[in-house]
>>> print(open('query.csv').read())   # CSV, C-alpha atoms
chain,number,residue,atom,x,y,z
B,1,MET,CA,47.4,-22.0,6.5
B,2,THR,CA,45.8,-20.1,3.6
B,3,LEU,CA,45.2,-23.4,1.8
B,4,LEU,CA,43.5,-24.8,4.8
B,5,LEU,CA,41.4,-21.6,5.1
B,6,GLU,CA,40.5,-21.8,1.5
B,7,ALA,CA,39.4,-25.4,1.7
B,8,LEU,CA,37.3,-24.7,4.8
B,9,CYS,CA,35.7,-21.7,3.0
B,10,ILE,CA,34.8,-23.8,-0.1
B,11,ALA,CA,33.5,-26.6,2.2
B,12,LEU,CA,31.2,-24.2,4.0
B,13,LEU,CA,30.0,-22.6,0.8
B,14,MET,CA,29.2,-26.1,-0.7
B,15,GLY,CA,27.4,-27.0,2.5
B,16,GLY,CA,25.3,-23.8,2.2
B,17,LEU,CA,24.6,-24.5,-1.4
B,18,PHE,CA,23.4,-28.0,-0.5
B,19,PHE,CA,20.9,-26.7,2.0
B,20,PHE,CA,19.6,-24.2,-0.5
B,21,LEU,CA,19.2,-26.8,-3.2
B,22,THR,CA,17.5,-29.3,-1.0
B,23,GLY,CA,15.3,-26.5,0.4
B,24,ALA,CA,14.1,-25.6,-3.1
B,25,LEU,CA,13.6,-29.2,-3.9
B,26,GLY,CA,11.6,-29.8,-0.8
B,27,LEU,CA,9.5,-26.7,-1.5
B,28,LEU,CA,8.6,-28.2,-4.9
B,29,ARG,CA,8.2,-31.8,-4.0
B,30,PHE,CA,6.9,-32.1,-0.5
B,31,PRO,CA,3.2,-32.9,-0.1
B,32,ASP,CA,1.9,-30.4,2.5
B,33,THR,CA,2.5,-27.0,3.8
B,34,TYR,CA,4.2,-28.1,7.1
B,35,SER,CA,6.9,-30.2,5.5
B,36,ARG,CA,7.4,-27.5,2.8
B,37,LEU,CA,8.0,-25.0,5.5
B,38,HIS,CA,10.3,-27.4,7.2
B,39,ALA,CA,12.4,-27.7,4.0
B,40,VAL,CA,12.4,-24.0,3.2
B,41,THR,CA,13.4,-22.7,6.6
B,42,LYS,CA,16.4,-25.0,6.6
B,43,ALA,CA,17.7,-23.0,3.6
B,44,ASP,CA,17.1,-19.7,5.5
B,45,ASN,CA,18.7,-20.8,8.7
B,46,VAL,CA,21.5,-23.3,8.1
B,47,GLY,CA,22.0,-22.6,4.4
B,48,LEU,CA,22.5,-18.9,4.8
B,49,GLY,CA,24.5,-19.4,8.0
B,50,LEU,CA,27.0,-21.7,6.2
B,51,LEU,CA,27.2,-19.3,3.3
B,52,SER,CA,27.9,-16.3,5.6
B,53,ALA,CA,30.4,-18.3,7.5
B,54,GLY,CA,32.2,-19.3,4.3
B,55,LEU,CA,32.2,-15.8,3.0
B,56,ALA,CA,33.3,-14.4,6.3
B,57,LEU,CA,36.4,-16.6,6.1
B,58,SER,CA,37.3,-15.0,2.8
B,59,ALA,CA,36.2,-11.5,3.8
B,60,ALA,CA,38.6,-8.6,3.7
B,61,ASP,CA,37.7,-6.9,7.0
B,62,PHE,CA,35.7,-7.4,10.2
B,63,GLN,CA,33.1,-4.9,9.1
B,64,SER,CA,31.8,-7.1,6.2
B,65,THR,CA,31.9,-10.1,8.5
B,66,GLY,CA,29.7,-8.1,11.0
B,67,PHE,CA,27.3,-7.1,8.3
B,68,MET,CA,26.9,-10.7,7.2
B,69,ALA,CA,26.4,-12.0,10.7
B,70,LEU,CA,23.7,-9.3,11.2
B,71,ILE,CA,22.0,-10.2,7.9
B,72,TRP,CA,22.0,-13.8,8.9
B,73,LEU,CA,20.5,-13.1,12.3
B,74,LEU,CA,17.8,-10.9,10.8
B,75,VAL,CA,16.9,-13.3,8.0
B,76,MET,CA,16.8,-16.2,10.5
B,77,ALA,CA,14.5,-14.3,12.9
B,78,SER,CA,12.1,-13.1,10.2
B,79,GLY,CA,12.2,-16.6,8.6
B,80,ALA,CA,11.3,-18.2,11.9
B,81,THR,CA,8.5,-15.7,12.5
B,82,SER,CA,6.9,-16.0,9.0
B,83,ALA,CA,7.2,-19.8,9.1
B,84,GLN,CA,5.3,-19.9,12.3
B,85,LEU,CA,2.7,-17.5,10.9
B,86,LEU,CA,2.2,-19.6,7.7
B,87,ALA,CA,2.0,-22.8,9.7
B,88,ARG,CA,-0.6,-21.3,12.0
B,89,TYR,CA,-2.7,-20.1,9.1
B,90,GLN,CA,-2.5,-23.5,7.5
B,91,ARG,CA,-3.6,-25.1,10.8
B,92,GLU,CA,-6.6,-22.8,11.0
B,93,GLN,CA,-7.6,-23.8,7.5
B,94,ASP,CA,-7.2,-27.5,8.4
B,95,GLN,CA,-9.4,-27.1,11.4
B,96,GLN,CA,-12.1,-25.3,9.4
B,97,GLU,CA,-12.4,-28.0,6.8
B,98,PRO,CA,-11.2,-31.5,7.6
B,99,PRO,CA,-8.7,-32.8,5.0
B,100,THR,CA,-10.0,-35.2,2.4
B,101,ASP,CA,-6.7,-36.5,1.0
B,102,GLY,CA,-3.0,-36.0,1.3
B,103,ASP,CA,-2.6,-33.1,-1.1
B,104,ARG,CA,-3.9,-29.8,0.2
J,105,MET,CA,35.8,-14.3,-13.4
J,106,ALA,CA,34.2,-13.0,-16.5
J,107,ILE,CA,32.3,-16.3,-17.1
J,108,ALA,CA,31.0,-16.2,-13.5
J,109,GLU,CA,29.8,-12.7,-14.0
J,110,ILE,CA,28.0,-13.6,-17.2
J,111,ILE,CA,26.4,-16.6,-15.5
J,112,LEU,CA,25.2,-14.3,-12.7
J,113,ASP,CA,23.9,-11.6,-15.1
J,114,ALA,CA,22.1,-14.2,-17.3
J,115,THR,CA,20.5,-15.8,-14.2
J,116,LEU,CA,19.3,-12.4,-13.0
J,117,ILE,CA,17.9,-11.5,-16.4
J,118,GLY,CA,16.2,-14.9,-16.8
J,119,LEU,CA,14.7,-14.7,-13.3
J,120,LEU,CA,13.5,-11.1,-14.0
J,121,LEU,CA,11.8,-12.2,-17.3
J,122,VAL,CA,10.2,-15.3,-15.7
J,123,MET,CA,8.9,-13.3,-12.7
J,124,GLY,CA,7.5,-10.6,-15.0
J,125,LEU,CA,5.8,-13.1,-17.2
J,126,GLY,CA,4.5,-15.0,-14.2
J,127,THR,CA,3.1,-11.9,-12.7
J,128,LEU,CA,1.2,-11.1,-15.9
J,129,HIS,CA,0.0,-14.5,-16.7
J,130,THR,CA,-1.1,-15.9,-13.3
J,131,ARG,CA,-4.8,-16.1,-13.0
J,132,ARG,CA,-5.0,-15.9,-9.2
J,133,THR,CA,-4.5,-12.4,-7.8
J,134,GLY,CA,-2.6,-13.5,-4.7
J,135,ALA,CA,0.0,-15.5,-6.6
J,136,SER,CA,0.4,-12.6,-9.0
J,137,ILE,CA,1.1,-10.2,-6.2
J,138,ALA,CA,3.6,-12.7,-4.6
J,139,LEU,CA,5.4,-13.0,-8.0
J,140,PHE,CA,5.4,-9.2,-8.3
J,141,ALA,CA,7.2,-8.9,-5.0
J,142,GLY,CA,9.7,-11.4,-6.2
J,143,PHE,CA,10.1,-9.4,-9.4
J,144,GLY,CA,10.8,-6.3,-7.4
J,145,MET,CA,13.5,-8.0,-5.4
J,146,ILE,CA,15.2,-9.3,-8.5
J,147,LEU,CA,14.9,-5.9,-10.1
J,148,ALA,CA,16.6,-4.4,-7.0
J,149,LEU,CA,19.4,-7.0,-7.4
J,150,VAL,CA,19.7,-6.0,-11.1
J,151,TRP,CA,20.0,-2.3,-10.1
J,152,ALA,CA,22.7,-3.1,-7.5
J,153,ARG,CA,24.5,-5.2,-10.1
J,154,LEU,CA,24.4,-2.2,-12.5
J,155,GLY,CA,26.1,0.0,-9.9
J,156,ALA,CA,23.0,2.0,-8.9
J,157,PRO,CA,22.6,1.3,-5.1
J,158,ASP,CA,20.2,4.3,-4.7
J,159,LEU,CA,17.7,2.7,-7.2
J,160,ALA,CA,18.2,-0.7,-5.7
J,161,LEU,CA,17.3,0.5,-2.2
J,162,ALA,CA,14.3,2.4,-3.5
J,163,GLU,CA,13.1,-0.5,-5.6
J,164,ALA,CA,13.5,-3.0,-2.7
J,165,ALA,CA,11.7,-0.7,-0.2
J,166,ILE,CA,9.0,0.8,-2.4
J,167,GLY,CA,8.7,-1.4,-5.5
J,168,ALA,CA,8.9,-4.8,-3.8
J,169,GLY,CA,7.9,-4.0,-0.3
J,170,LEU,CA,5.3,-1.3,0.0
J,171,THR,CA,3.7,-1.7,-3.5
J,172,SER,CA,3.1,-5.4,-2.8
J,173,ALA,CA,1.5,-4.6,0.5
J,174,LEU,CA,-0.6,-2.0,-1.2
J,175,LEU,CA,-1.7,-4.5,-3.9
J,176,LEU,CA,-2.5,-7.1,-1.2
J,177,ARG,CA,-4.6,-4.6,0.6
J,178,ALA,CA,-6.4,-3.6,-2.7
J,179,ALA,CA,-6.9,-7.3,-3.5
J,180,SER,CA,-8.4,-7.9,-0.1
J,181,ILE,CA,-11.1,-5.3,-0.5
J,182,THR,CA,-12.0,-6.1,-4.1
J,183,GLU,CA,-13.7,-9.2,-5.4
J,184,GLU,CA,-11.7,-11.9,-7.1
J,185,GLU,CA,-12.4,-11.5,-10.8
J,186,GLU,CA,-11.3,-13.7,-13.6
J,187,ILE,CA,-9.6,-11.5,-16.1
J,188,SER,CA,-10.1,-12.6,-19.7
J,189,ILE,CA,-9.3,-10.6,-22.8
J,190,PRO,CA,-11.5,-11.2,-25.8
J,191,ALA,CA,-9.7,-12.9,-28.6
J,192,ARG,CA,-10.5,-10.0,-30.9
J,193,ARG,CA,-8.4,-7.8,-28.7
J,194,GLN,CA,-5.6,-10.2,-28.1
J,195,TRP,CA,-3.8,-9.6,-31.4
J,196,LEU,CA,-4.0,-5.9,-30.8
J,197,SER,CA,-2.1,-6.4,-27.5
J,198,TRP,CA,0.5,-8.6,-29.3
J,199,LEU,CA,0.9,-5.8,-31.9
J,200,PHE,CA,1.4,-3.3,-29.2
J,201,VAL,CA,4.0,-5.5,-27.5
J,202,ALA,CA,5.8,-6.1,-30.8
J,203,VAL,CA,6.0,-2.3,-31.6
J,204,VAL,CA,7.3,-1.5,-28.1
J,205,PHE,CA,9.8,-4.4,-28.3
J,206,VAL,CA,11.2,-3.2,-31.6
J,207,TRP,CA,11.4,0.4,-30.3
J,208,LEU,CA,13.2,-0.7,-27.2
J,209,ALA,CA,15.6,-3.0,-29.2
J,210,LEU,CA,16.5,0.0,-31.4
J,211,HIS,CA,17.3,2.0,-28.3
J,212,VAL,CA,19.4,-0.7,-26.9
J,213,ILE,CA,21.4,-0.9,-30.1
J,214,ARG,CA,21.9,2.9,-30.0
J,215,LEU,CA,22.9,2.8,-26.3
J,216,SER,CA,25.5,0.2,-26.9
J,217,THR,CA,27.5,2.4,-29.2
J,218,PRO,CA,30.0,4.5,-27.2
J,219,VAL,CA,29.3,8.2,-26.8
J,220,ASP,CA,32.2,10.6,-27.3
J,221,SER,CA,30.6,13.8,-26.2
J,222,PRO,CA,31.1,14.9,-22.6
J,223,SER,CA,28.5,12.8,-20.9
J,224,LEU,CA,26.1,13.6,-18.1
J,225,PRO,CA,28.2,11.9,-15.4
J,226,ASN,CA,31.2,14.1,-16.2
J,227,LEU,CA,29.0,17.2,-16.2
J,228,VAL,CA,27.6,16.2,-12.7
J,229,ALA,CA,31.0,15.4,-11.4
J,230,GLY,CA,32.3,18.8,-12.6
J,231,HIS,CA,29.7,20.7,-10.7
J,232,LEU,CA,29.5,18.5,-7.6
J,233,ALA,CA,31.5,21.0,-5.5
J,234,ASP,CA,28.8,23.7,-6.1
J,235,SER,CA,25.9,21.4,-5.2
J,236,GLY,CA,26.3,21.3,-1.4
J,237,VAL,CA,26.4,17.5,-1.1
J,238,ASP,CA,29.0,14.9,-1.9
J,239,HIS,CA,26.9,12.3,-3.5
J,240,PRO,CA,26.2,12.8,-7.3
J,241,VAL,CA,22.7,11.2,-7.1
J,242,THR,CA,21.6,13.4,-4.3
J,243,ALA,CA,23.1,16.4,-6.1
J,244,VAL,CA,21.0,15.7,-9.1
J,245,LEU,CA,17.8,14.9,-7.2
J,246,LEU,CA,17.9,17.9,-4.8
J,247,ASN,CA,19.9,20.5,-6.6
J,248,PHE,CA,20.4,20.2,-10.4
J,249,ARG,CA,17.0,18.6,-11.0
J,250,ALA,CA,15.2,19.5,-7.8
J,251,TRP,CA,12.2,20.4,-9.9
J,252,ASP,CA,11.7,16.7,-10.7
J,253,THR,CA,11.8,15.7,-7.0
J,254,LEU,CA,9.4,18.5,-6.1
J,255,LEU,CA,6.9,17.1,-8.7
J,256,GLU,CA,7.4,13.6,-7.4
J,257,LEU,CA,6.4,14.7,-3.9
J,258,LEU,CA,3.4,16.4,-5.4
J,259,VAL,CA,2.5,13.2,-7.3
J,260,LEU,CA,2.6,11.3,-4.0
J,261,LEU,CA,0.4,13.9,-2.4
J,262,LEU,CA,-2.1,13.6,-5.3
J,263,ALA,CA,-2.1,9.8,-4.9
J,264,LEU,CA,-2.9,10.2,-1.2
J,265,LEU,CA,-5.8,12.6,-2.0
J,266,GLY,CA,-7.1,10.2,-4.7
J,267,PHE,CA,-6.9,7.3,-2.3
J,268,ARG,CA,-9.0,9.3,0.2
J,269,GLN,CA,-11.7,9.9,-2.4
J,270,VAL,CA,-11.9,6.3,-3.6
J,271,ALA,CA,-11.7,4.9,-0.1
J,272,ARG,CA,-14.6,7.0,1.0
J,273,ARG,CA,-16.7,6.1,-1.9
J,274,ASN,CA,-16.3,2.3,-1.7
J,275,GLN,CA,-17.3,1.9,1.8
J,276,HIS,CA,-16.5,-1.7,2.7
J,277,PRO,CA,-18.1,-3.5,5.7
J,278,TYR,CA,-15.4,-4.3,8.2
J,279,ASP,CA,-14.9,-8.1,8.2
J,280,ALA,CA,-13.8,-9.2,11.7
J,281,ASP,CA,-12.9,-12.7,10.4
J,282,SER,CA,-10.3,-11.5,7.9
J,283,HIS,CA,-8.4,-9.6,10.7
J,284,PRO,CA,-7.6,-12.2,13.3
J,285,ALA,CA,-6.1,-11.0,16.6
J,286,PRO,CA,-2.4,-10.5,16.2
J,287,TRP,CA,-0.4,-13.4,17.4
J,288,PRO,CA,2.2,-12.9,20.3
J,289,LEU,CA,5.1,-14.0,18.2
J,290,LEU,CA,4.2,-11.4,15.5
J,291,LYS,CA,3.8,-8.8,18.2
J,292,ALA,CA,7.2,-9.6,19.7
J,293,TRP,CA,9.0,-9.7,16.4
J,294,SER,CA,7.5,-6.4,15.2
J,295,ARG,CA,8.4,-4.8,18.5
J,296,SER,CA,12.0,-5.8,18.1
J,297,LEU,CA,12.1,-5.0,14.4
J,298,ALA,CA,10.5,-1.6,14.5
J,299,PRO,CA,13.4,0.2,16.4
J,300,LEU,CA,15.9,-1.4,14.0
J,301,LEU,CA,13.8,0.0,11.0
J,302,VAL,CA,13.7,3.5,12.6
J,303,VAL,CA,17.4,3.5,13.0
J,304,THR,CA,17.9,2.2,9.5
J,305,GLY,CA,15.6,4.8,8.1
J,306,MET,CA,17.3,7.7,9.9
J,307,TYR,CA,20.7,6.3,8.8
J,308,LEU,CA,19.6,6.2,5.2
J,309,LEU,CA,18.4,9.8,5.4
J,310,TRP,CA,21.6,11.0,7.1
J,311,ARG,CA,24.0,9.3,4.7
J,312,GLY,CA,22.0,10.4,1.7
J,313,SER,CA,24.2,13.5,1.4
J,314,GLU,CA,27.4,11.5,0.8
J,315,SER,CA,26.4,8.1,-0.5
J,316,ALA,CA,23.5,5.9,-1.5
J,317,GLY,CA,20.3,6.7,0.4
J,318,GLY,CA,17.9,9.6,0.8
J,319,ALA,CA,14.4,10.8,1.5
J,320,PHE,CA,12.5,8.2,-0.5
J,321,GLN,CA,14.4,5.2,0.8
J,322,ALA,CA,14.3,6.5,4.4
J,323,GLY,CA,10.6,7.3,4.1
J,324,ALA,CA,9.8,3.9,2.7
J,325,VAL,CA,11.7,2.1,5.6
J,326,LEU,CA,9.9,4.3,8.2
J,327,ALA,CA,6.6,3.6,6.6
J,328,ALA,CA,7.4,-0.2,6.6
J,329,ALA,CA,8.0,0.1,10.4
J,330,PHE,CA,4.7,1.8,10.9
J,331,VAL,CA,2.8,-0.7,8.8
J,332,LEU,CA,4.4,-3.6,10.7
J,333,LEU,CA,3.4,-2.1,14.0
J,334,ARG,CA,-0.1,-1.3,12.7
J,335,LEU,CA,-0.7,-4.8,11.4
J,336,SER,CA,0.3,-6.4,14.6
J,337,GLY,CA,-2.1,-4.1,16.5
J,338,GLN,CA,0.6,-2.1,18.4
J,339,LEU,CA,-0.4,1.3,17.1
J,340,PRO,CA,-3.8,2.9,17.0
J,341,VAL,CA,-5.6,3.7,13.8
J,342,VAL,CA,-4.3,6.9,12.1
J,343,HIS,CA,-7.1,9.3,11.5
J,344,TRP,CA,-6.8,11.7,8.6
J,345,SER,CA,-9.0,14.1,10.5
J,346,ARG,CA,-6.1,14.7,13.0
J,347,TRP,CA,-4.2,17.8,12.1
J,348,THR,CA,-0.8,16.3,13.0
J,349,VAL,CA,-1.3,13.6,10.4
J,350,ARG,CA,-2.3,16.2,7.7
J,351,LEU,CA,0.6,18.4,8.7
J,352,ALA,CA,3.1,15.5,8.5
J,353,ALA,CA,1.8,14.5,5.0
J,354,LEU,CA,2.0,18.1,3.8
J,355,VAL,CA,5.3,19.4,5.4
J,356,GLY,CA,7.6,18.0,2.7
J,357,PRO,CA,5.9,19.4,-0.4
J,358,ALA,CA,5.0,22.6,1.5
J,359,LEU,CA,8.6,23.3,2.6
J,360,PHE,CA,9.9,22.4,-0.9
J,361,LEU,CA,7.4,24.8,-2.5
J,362,THR,CA,8.3,27.5,0.0
J,363,VAL,CA,12.0,27.2,-0.8
J,364,ALA,CA,11.2,27.2,-4.5
J,365,GLY,CA,9.0,30.3,-4.2
J,366,ALA,CA,11.4,32.2,-2.0
J,367,SER,CA,14.4,31.5,-4.3
J,368,ALA,CA,12.3,32.6,-7.2
J,369,LEU,CA,11.1,35.9,-5.6
J,370,ALA,CA,14.1,36.9,-3.5
J,371,GLY,CA,17.0,34.9,-5.0
J,372,GLU,CA,18.6,34.0,-8.3
J,373,GLY,CA,15.7,32.0,-9.7
J,374,TRP,CA,13.3,29.1,-9.3
J,375,LEU,CA,15.0,26.5,-7.0
J,376,ASP,CA,18.4,28.1,-7.4
J,377,TYR,CA,19.7,27.9,-3.8
J,378,PRO,CA,21.7,30.9,-2.5
J,379,ASP,CA,25.5,30.4,-2.1
J,380,GLY,CA,26.5,28.6,1.0
J,381,MET,CA,22.9,27.7,1.8
J,382,SER,CA,22.7,24.6,-0.3
J,383,THR,CA,23.8,22.0,2.3
J,384,PRO,CA,21.4,23.1,5.1
J,385,LEU,CA,18.5,23.7,2.7
J,386,ILE,CA,19.0,20.2,1.1
J,387,LEU,CA,19.2,18.6,4.5
J,388,LEU,CA,16.1,20.4,5.6
J,389,ILE,CA,14.1,19.5,2.5
J,390,GLU,CA,15.2,15.9,2.7
J,391,ALA,CA,14.2,15.6,6.4
J,392,ALA,CA,10.8,17.2,5.7
J,393,ALA,CA,10.3,15.0,2.6
J,394,THR,CA,11.1,11.9,4.6
J,395,VAL,CA,8.4,12.7,7.1
J,396,SER,CA,5.9,13.3,4.4
J,397,ILE,CA,6.8,10.2,2.3
J,398,ALA,CA,6.8,8.0,5.4
J,399,VAL,CA,3.3,9.3,6.5
J,400,THR,CA,1.9,9.1,2.9
J,401,LEU,CA,3.1,5.6,2.2
J,402,ALA,CA,2.1,4.3,5.6
J,403,PHE,CA,-1.4,5.9,5.1
J,404,LEU,CA,-1.7,4.4,1.6
J,405,VAL,CA,-0.9,0.9,2.8
J,406,SER,CA,-2.5,0.7,6.2
J,407,GLY,CA,-5.1,3.4,5.9
J,408,GLU,CA,-7.9,3.9,8.4
J,409,GLU,CA,-9.6,0.6,8.0
J,410,GLU,CA,-11.8,0.9,11.0
J,411,ASP,CA,-12.9,4.3,10.0
J,412,ILE,CA,-14.2,3.0,6.7
J,413,ALA,CA,-16.1,0.3,8.6
J,414,GLU,CA,-18.2,2.8,10.5
>>> encode(input="query.csv", output="structure tokens")
Amino acid sequence: MTLLLEALCIALLMGGLFFFLTGALGLLRFPDTYSRLHAVTKADNVGLGLLSAGLALSAADFQSTGFMALIWLLVMASGATSAQLLARYQREQDQQEPPTDGDR
Amino acid sequence: MAIAEIILDATLIGLLLVMGLGTLHTRRTGASIALFAGFGMILALVWARLGAPDLALAEAAIGAGLTSALLLRAASITEEEEISIPARRQWLSWLFVAVVFVWLALHVIRLSTPVDSPSLPNLVAGHLADSGVDHPVTAVLLNFRAWDTLLELLVLLLALLGFRQVARRNQHPYDADSHPAPWPLLKAWSRSLAPLLVVTGMYLLWRGSESAGGAFQAGAVLAAAFVLLRLSGQLPVVHWSRWTVRLAALVGPALFLTVAGASALAGEGWLDYPDGMSTPLILLIEAAATVSIAVTLAFLVSGEEEDIAE
């Protein structure tokens, strides 16, 4: 049972790590603001969610699990809000001056 | 385990250095401020890693959060200016950096040798029972070295007064385009976040007597809640001319000075609390200081923008 739990924990942590790595890669490599935001918010939402789930499985008590769930919810909500704000700002910029090429 | 810890520490140190260098060497002010915020967050992690949660909280709330907001505000009302140091002076700055670096390196070498004499932590732990609180950091800040905290509050007050002078002199035309109408989602999020921040701030203040937390952290979190509501247009402009605002900004230093003066005149000595009165006095001072710190920081960051426009 503990072996299964440990394996699940490691799998979840690896999954979270994957989302953070790809999020960082997307932030560096994607061409425009919208797709960069798309990549980065996945790290906030899914990546942190998987990390907290993995850590919750190995947590000692319910209090730390609760803390991690709360942190995840707060980060997700603030990440979603700031992503929307950044995208909105970018759209306003785009509308002001029509794009000339792909990189902006 | 040891290797994992070394990797974590090395990563933190590397990130801290990269962020610091990036902050100094970026030409664009906005990018520099963003890097400074990142630098503050990494520094908070470093403090937490060194076992100083009080400092980590203060650094995250004040250093990374409010200072960055303050810098952003300053950048928005000043003109973008390309900073270039003449080559003649560049070697001087390198010399200065070299001297400071050598001096710091010597200190690090000295610090790494173990100290045999009864160190400061033991001294604090030995007198903790007399201090009126259970947390050594709070005992130092508000009892053993209360003088330093009193001066910190006065420095904050001076900063506020200086800000008032400068803000009045550089009257800046109000630019309606740079302040778009707050968006519904931002409004909704700030509305749900602000109560959480108030609860967190009060909690930090309350638990300051027994573990990490205290007036500065609580005040910074409350100020953040105010700034958030102010930016999303949910709160009216704070006018310095209102006496409640002035009273709130002054109550912390005033109460602290009163206690200091009363203990000097009627009691044992300057800031030497009477027996049995330590706990209520410290709580009272911390509560008043929280109000003042919150109002001062909130005023510094959000200010009275529309007043300046008139």
>>> atom_distance(input="query.csv", atom1="atom CA of J:Phe248", atom2="atom CA of J:Asp234")
10.1 Å
>>> closest_atom_pairs(input="query.csv", of="chain B", to="chain J", cutoff="8 Å", atoms="only C-alpha atoms", output="tab-separated table")
residue	atom	partner	partner_atom	distance
B:Ala77	CA	J:Trp293	CA	8.0
B:Ser78	CA	J:Trp293	CA	7.7
B:Thr81	CA	J:Leu290	CA	6.8
B:Leu85	CA	J:Leu290	CA	7.8
>>> atom_distance(input="query.csv", atom1="atom CA of J:Leu174", atom2="atom CA of J:Ser396")
17.5 Å
>>> atom_distance(input="query.csv", atom1="atom CA of J:His239", atom2="atom CA of B:Ile71")
25.7 Å
>>> axis_aligned_box(input="query.csv", around="stretch 25-31 of chain B", padding_each_side="3 Å", output="JSON")
{"center_x": 8.4, "center_y": -29.8, "center_z": -2.5, "size_x": 16.4, "size_y": 12.2, "size_z": 10.8}
>>> closest_residue(input="query.csv", among="J:Ser136, J:Thr394, J:Thr242, J:Thr171", to="J:Gly312", atoms="only C-alpha atoms")
J:Thr242
>>> residues_around(input="query.csv", residues="B:Ser52", least_positions_apart="6", cutoff="8 Å", atoms="only C-alpha atoms", output="PyMOL selection string")
chain B and resi 65+68-69+72
>>> closest_residue(input="query.csv", among="J:Val303, J:Ala364, J:Ser313, J:Ala298", to="J:Leu232", atoms="only C-alpha atoms")
J:Ser313
>>> decode(input="query.csv", residues="stretch 346-363 of chain J", atoms="N, CA and C atoms", output="mmCIF file, in the first residue's frame")
data_model
loop_
_atom_site.group_PDB
_atom_site.id
_atom_site.type_symbol
_atom_site.label_atom_id
_atom_site.label_comp_id
_atom_site.auth_asym_id
_atom_site.auth_seq_id
_atom_site.Cartn_x
_atom_site.Cartn_y
_atom_site.Cartn_z
ATOM 1 N N ARG J 346 -8.171 64.795 5.854
ATOM 2 C CA ARG J 346 -9.125 64.237 6.826
ATOM 3 C C ARG J 346 -8.390 63.902 8.115
ATOM 4 N N TRP J 347 -8.972 64.312 9.245
ATOM 5 C CA TRP J 347 -8.241 64.126 10.507
ATOM 6 C C TRP J 347 -8.136 62.663 10.891
ATOM 7 N N THR J 348 -9.107 61.814 10.446
ATOM 8 C CA THR J 348 -9.020 60.387 10.785
ATOM 9 C C THR J 348 -7.781 59.757 10.142
ATOM 10 N N VAL J 349 -7.476 60.170 8.911
ATOM 11 C CA VAL J 349 -6.302 59.622 8.227
ATOM 12 C C VAL J 349 -5.033 60.028 8.965
ATOM 13 N N ARG J 350 -4.963 61.302 9.334
ATOM 14 C CA ARG J 350 -3.766 61.772 10.057
ATOM 15 C C ARG J 350 -3.619 61.066 11.397
ATOM 16 N N LEU J 351 -4.760 60.905 12.085
ATOM 17 C CA LEU J 351 -4.717 60.238 13.385
ATOM 18 C C LEU J 351 -4.230 58.801 13.224
ATOM 19 N N ALA J 352 -4.760 58.107 12.200
ATOM 20 C CA ALA J 352 -4.364 56.713 11.992
ATOM 21 C C ALA J 352 -2.876 56.610 11.683
ATOM 22 N N ALA J 353 -2.348 57.567 10.915
ATOM 23 C CA ALA J 353 -0.928 57.517 10.574
ATOM 24 C C ALA J 353 -0.056 57.839 11.784
ATOM 25 N N LEU J 354 -0.609 58.612 12.733
ATOM 26 C CA LEU J 354 0.202 59.065 13.857
ATOM 27 C C LEU J 354 0.061 58.204 15.110
ATOM 28 N N VAL J 355 -1.010 57.390 15.181
ATOM 29 C CA VAL J 355 -1.328 56.759 16.464
ATOM 30 C C VAL J 355 -0.215 55.824 16.933
ATOM 31 N N GLY J 356 0.435 55.102 15.995
ATOM 32 C CA GLY J 356 1.479 54.157 16.391
ATOM 33 C C GLY J 356 2.671 54.842 17.035
ATOM 34 N N PRO J 357 3.354 55.740 16.275
ATOM 35 C CA PRO J 357 4.486 56.446 16.876
ATOM 36 C C PRO J 357 4.092 57.235 18.116
ATOM 37 N N ALA J 358 2.897 57.858 18.110
ATOM 38 C CA ALA J 358 2.489 58.666 19.262
ATOM 39 C C ALA J 358 2.340 57.805 20.505
ATOM 40 N N LEU J 359 1.670 56.645 20.353
ATOM 41 C CA LEU J 359 1.475 55.775 21.511
ATOM 42 C C LEU J 359 2.808 55.236 22.012
ATOM 43 N N PHE J 360 3.671 54.862 21.070
ATOM 44 C CA PHE J 360 4.982 54.335 21.431
ATOM 45 C C PHE J 360 5.774 55.400 22.204
ATOM 46 N N LEU J 361 5.748 56.636 21.698
ATOM 47 C CA LEU J 361 6.467 57.724 22.369
ATOM 48 C C LEU J 361 5.879 58.008 23.744
ATOM 49 N N THR J 362 4.537 57.934 23.849
ATOM 50 C CA THR J 362 3.896 58.160 25.148
ATOM 51 C C THR J 362 4.363 57.128 26.160
ATOM 52 N N VAL J 363 4.342 55.849 25.722
ATOM 53 C CA VAL J 363 4.784 54.779 26.626
ATOM 54 C C VAL J 363 6.242 55.008 27.022
#
